[in-house]
Amino acid sequence: MSDQDLLKNIKQKLKNFWSIPIFKYTIIIHLLYFVLSTILTLVFFRSQNDFLAYYRAGEIALNDFMELYNPDNYTWSFRYFPLVAFYFIPFYLLGFDLGFVVFNSVNLILNIIISVYLYKVIMLIRREDHEDNDDRIILYICIFLLSLPQLFNYFLGQINLYITFFTIFSLYLFLKNEQIKMQFLASLILGVAGIFKPITIFMFPFLILSHYSYNEKKFKFELSRSIIKSIGILLPLAINGIVFILYPTLWQDFTAINITGEANTLVNFSFSITKLCTNFLFFIGIPANLLVQYQLYIFIPILLIFGGIGFFIFIFRRVPRNAVIYGYTFGILIMLLTYFDSWNHHLLILTPLLTIILFDLPRNSEISGKYIKPSIFFFSFFDIVFMGLFLLTKIFFPFNFASTIFLILVFIGLSKYYLKNPN
């Protein structure tokens, strides 16, 4: 297809989409999200946003790299791999106001690209019993763009959309092309997502190409492809690992901030099971210094339980279709259920994957109707209500568990689908 034909095809697609009413309203409302959040942050909440951490990290990376993880330098701690800090230097050099506007403009562009590749992935995997037209696909993409976590992501100046982009784009490459070099590239892109947000590392084990064959009654393992994927994933982490080897203090500070530090025990509206447990212990009077010492004994068992169950189900799956989609989703679910801090804006990473699964499942699937579809709507529009309730009741009831229930429901639904004998 020539460039002229491609442009003509894109114009025709946009014209067709514009005839769908929700598409027009979504564009307008999403732009309002962008403008409103930018004004609110720059005028009223300059000291209460996550972009401040990235802005300061860019400054520290430029001037005093060894102080990158010093909590005294931040209102909110910088919790990412060290080399990511260099990405934020240009935003620091632009100054806070212009840097924030440019940063959120990048988020806006990423939303457009994510929507395009979300559409492409769904077109690749959509079952034949779904509608032939694009209306339903556009509806769910619009739900993603209208979701309230989008507003929070813009308002806070967060980087979740970077992770969503890397996730969806790498998934597209995995599904589109089986060639080794493309599989390596997809793995490399997912590895980059890991250095932007370490929590995506939970997805990595699910890319190992191993499963139990019920027909042959043995385990099947694709060694060469697994090695290629592992190299692609681990390469960005290894480069950061060199930095940690050269500067061991940075590694100690990094692990303290992310796993063993006091900040992980503070009462907040995170909806992970680990946070619900630490909130409960704090609520019944366990001193903060004891929680700091024993928090790993809470986190690790919960991680092993959900991680072990998820990986077991993935290995012993009875459904061979598009396993990489479900591997990604299991990884994100396990992270959200087990890591200390799981916030509503993290749901922007999960809901596109659930949308893809909705079209990968049969049109009238019980799993879709009972587990996936209700969860997409809850995460998109109602999670925020329960966050507000937490803020009102945290003195006498410091538990934000509604999203936890829906995460567990999705986990159960995917497990039922994967373990059910198709015959």
# chains A, B, ... in the order shown; residues from 1 in each chain; ligands from 1
>>> residues_around(residues="Leu148 in chain A", least_positions_apart="3", cutoff="9 Å", atoms="only C-alpha atoms", output="PyMOL selection string")
chain A and resi 33+144-145+151-153+344-345+379-384
>>> closest_atom_pairs(of="range 302-343 of chain A", to="range 191-200 of chain A", cutoff="8 Å", atoms="only C-alpha atoms", output="tab-separated table")
residue	atom	partner	partner_atom	distance
A:Gly331	CA	A:Thr200	CA	7.4
A:Ile332	CA	A:Thr200	CA	6.7
A:Met335	CA	A:Ile199	CA	6.3
A:Tyr339	CA	A:Ile199	CA	7.8
>>> select_by_dssp(residues="range 224-401 of chain A", states="alpha helix (DSSP H)", output="number ranges by chain")
A: 224-246, 248-255, 273-283, 288-315, 323-338, 347-360, 366-367, 373-377, 383-393
>>> residues_around(residues="His30 in chain A", least_positions_apart="4", cutoff="7 Å", atoms="only C-alpha atoms", output="PyMOL selection string")
chain A and resi 26+34+145-146
>>> select_by_dssp(residues="range 139-348 of chain A", states="strand (DSSP E)", output="list of chain:residue names")
A:Ser210, A:His211, A:Tyr212, A:Ser213, A:Lys218, A:Phe219, A:Lys220, A:Phe221
>>> write_last_selection(atoms="N, CA, C and O atoms", output="PDB file, in the first residue's frame")
ATOM      1  N   SER A 210       6.562 -22.832  28.160  1.00  0.00           N
ATOM      2  CA  SER A 210       6.449 -24.172  28.720  1.00  0.00           C
ATOM      3  C   SER A 210       4.995 -24.428  29.093  1.00  0.00           C
ATOM      4  O   SER A 210       4.310 -23.540  29.606  1.00  0.00           O
ATOM      5  N   HIS A 211       4.527 -25.623  28.807  1.00  0.00           N
ATOM      6  CA  HIS A 211       3.188 -26.008  29.234  1.00  0.00           C
ATOM      7  C   HIS A 211       3.075 -27.528  29.217  1.00  0.00           C
ATOM      8  O   HIS A 211       3.891 -28.225  28.622  1.00  0.00           O
ATOM      9  N   TYR A 212       2.039 -28.007  29.895  1.00  0.00           N
ATOM     10  CA  TYR A 212       1.808 -29.449  29.939  1.00  0.00           C
ATOM     11  C   TYR A 212       0.861 -29.828  28.811  1.00  0.00           C
ATOM     12  O   TYR A 212      -0.214 -29.252  28.659  1.00  0.00           O
ATOM     13  N   SER A 213       1.285 -30.803  27.992  1.00  0.00           N
ATOM     14  CA  SER A 213       0.463 -31.287  26.888  1.00  0.00           C
ATOM     15  C   SER A 213      -0.381 -32.454  27.388  1.00  0.00           C
ATOM     16  O   SER A 213       0.157 -33.517  27.733  1.00  0.00           O
ATOM     17  N   LYS A 218       2.905 -34.974  28.692  1.00  0.00           N
ATOM     18  CA  LYS A 218       4.260 -34.563  29.062  1.00  0.00           C
ATOM     19  C   LYS A 218       4.379 -33.053  28.959  1.00  0.00           C
ATOM     20  O   LYS A 218       3.548 -32.385  28.332  1.00  0.00           O
ATOM     21  N   PHE A 219       5.449 -32.522  29.585  1.00  0.00           N
ATOM     22  CA  PHE A 219       5.710 -31.090  29.495  1.00  0.00           C
ATOM     23  C   PHE A 219       6.410 -30.779  28.182  1.00  0.00           C
ATOM     24  O   PHE A 219       7.285 -31.531  27.727  1.00  0.00           O
ATOM     25  N   LYS A 220       6.020 -29.672  27.572  1.00  0.00           N
ATOM     26  CA  LYS A 220       6.656 -29.211  26.338  1.00  0.00           C
ATOM     27  C   LYS A 220       7.319 -27.878  26.612  1.00  0.00           C
ATOM     28  O   LYS A 220       6.714 -26.982  27.213  1.00  0.00           O
ATOM     29  N   PHE A 221       8.550 -27.750  26.174  1.00  0.00           N
ATOM     30  CA  PHE A 221       9.334 -26.553  26.473  1.00  0.00           C
ATOM     31  C   PHE A 221      10.090 -26.131  25.225  1.00  0.00           C
ATOM     32  O   PHE A 221      10.875 -26.900  24.669  1.00  0.00           O
TER      33      PHE A 221
END
>>> closest_residue(among="A:Lys275, A:Lys24, A:Lys15, A:Lys217", to="Leu337 in chain A", atoms="only C-alpha atoms")
A:Lys275
>>> closest_atom_pairs(of="range 47-124 of chain A", to="range 226-247 of chain A", cutoff="8 Å", atoms="only C-alpha atoms", output="CSV")
residue,atom,partner,partner_atom,distance
A:Phe81,CA,A:Asn240,CA,6.7
A:Pro82,CA,A:Asn240,CA,6.7
A:Leu83,CA,A:Asn240,CA,6.4
>>> residues_around(residues="range 53-67 of chain A", least_positions_apart="4", cutoff="6 Å", atoms="only C-alpha atoms", output="ChimeraX atom specification")
/A:76,78,85-86,88-89,92
>>> write_last_selection(atoms="C-alpha atoms", output="CSV table (one decimal), in the first residue's frame")
chain,number,residue,atom,x,y,z
A,76,TRP,CA,7.1,11.3,47.0
A,78,PHE,CA,11.5,8.0,43.3
A,85,ALA,CA,16.1,9.1,35.8
A,86,PHE,CA,18.1,10.3,32.8
A,88,PHE,CA,13.5,13.0,33.0
A,89,ILE,CA,16.4,15.4,32.6
A,92,TYR,CA,13.7,19.3,34.4
>>> closest_atom_pairs(of="range 211-277 of chain A", to="range 395-414 of chain A", cutoff="12 Å", atoms="only C-alpha atoms", output="CSV")
residue,atom,partner,partner_atom,distance
A:Leu266,CA,A:Pro398,CA,11.0
A:Val267,CA,A:Pro398,CA,7.3
A:Asn268,CA,A:Pro398,CA,7.6
A:Phe269,CA,A:Asn400,CA,5.6
A:Ser270,CA,A:Asn400,CA,6.8
A:Phe271,CA,A:Asn400,CA,5.4
A:Ser272,CA,A:Thr404,CA,6.3
A:Ile273,CA,A:Thr404,CA,7.0
A:Thr274,CA,A:Thr404,CA,10.5
A:Lys275,CA,A:Phe399,CA,8.8
A:Leu276,CA,A:Phe399,CA,6.1
A:Cys277,CA,A:Phe399,CA,9.2
>>> closest_residue(among="A:Asn289, A:Thr38, A:Thr338, A:Thr351", to="Gly307 in chain A", atoms="only C-alpha atoms")
A:Thr338
>>> atom_distance(atom1="CA of Leu156 in chain A", atom2="CA of Thr41 in chain A")
7.5 Å
>>> closest_residue(among="A:Met123, A:Gln150, A:Leu333, A:Pro248", to="Ile201 in chain A", atoms="only C-alpha atoms")
A:Leu333
>>> residues_around(residues="Ile325 in chain A", least_positions_apart="2", cutoff="9 Å", atoms="only C-alpha atoms", output="VMD selection string")
chain A and resid 171 175 322 to 323 327 to 330 353 356 to 357
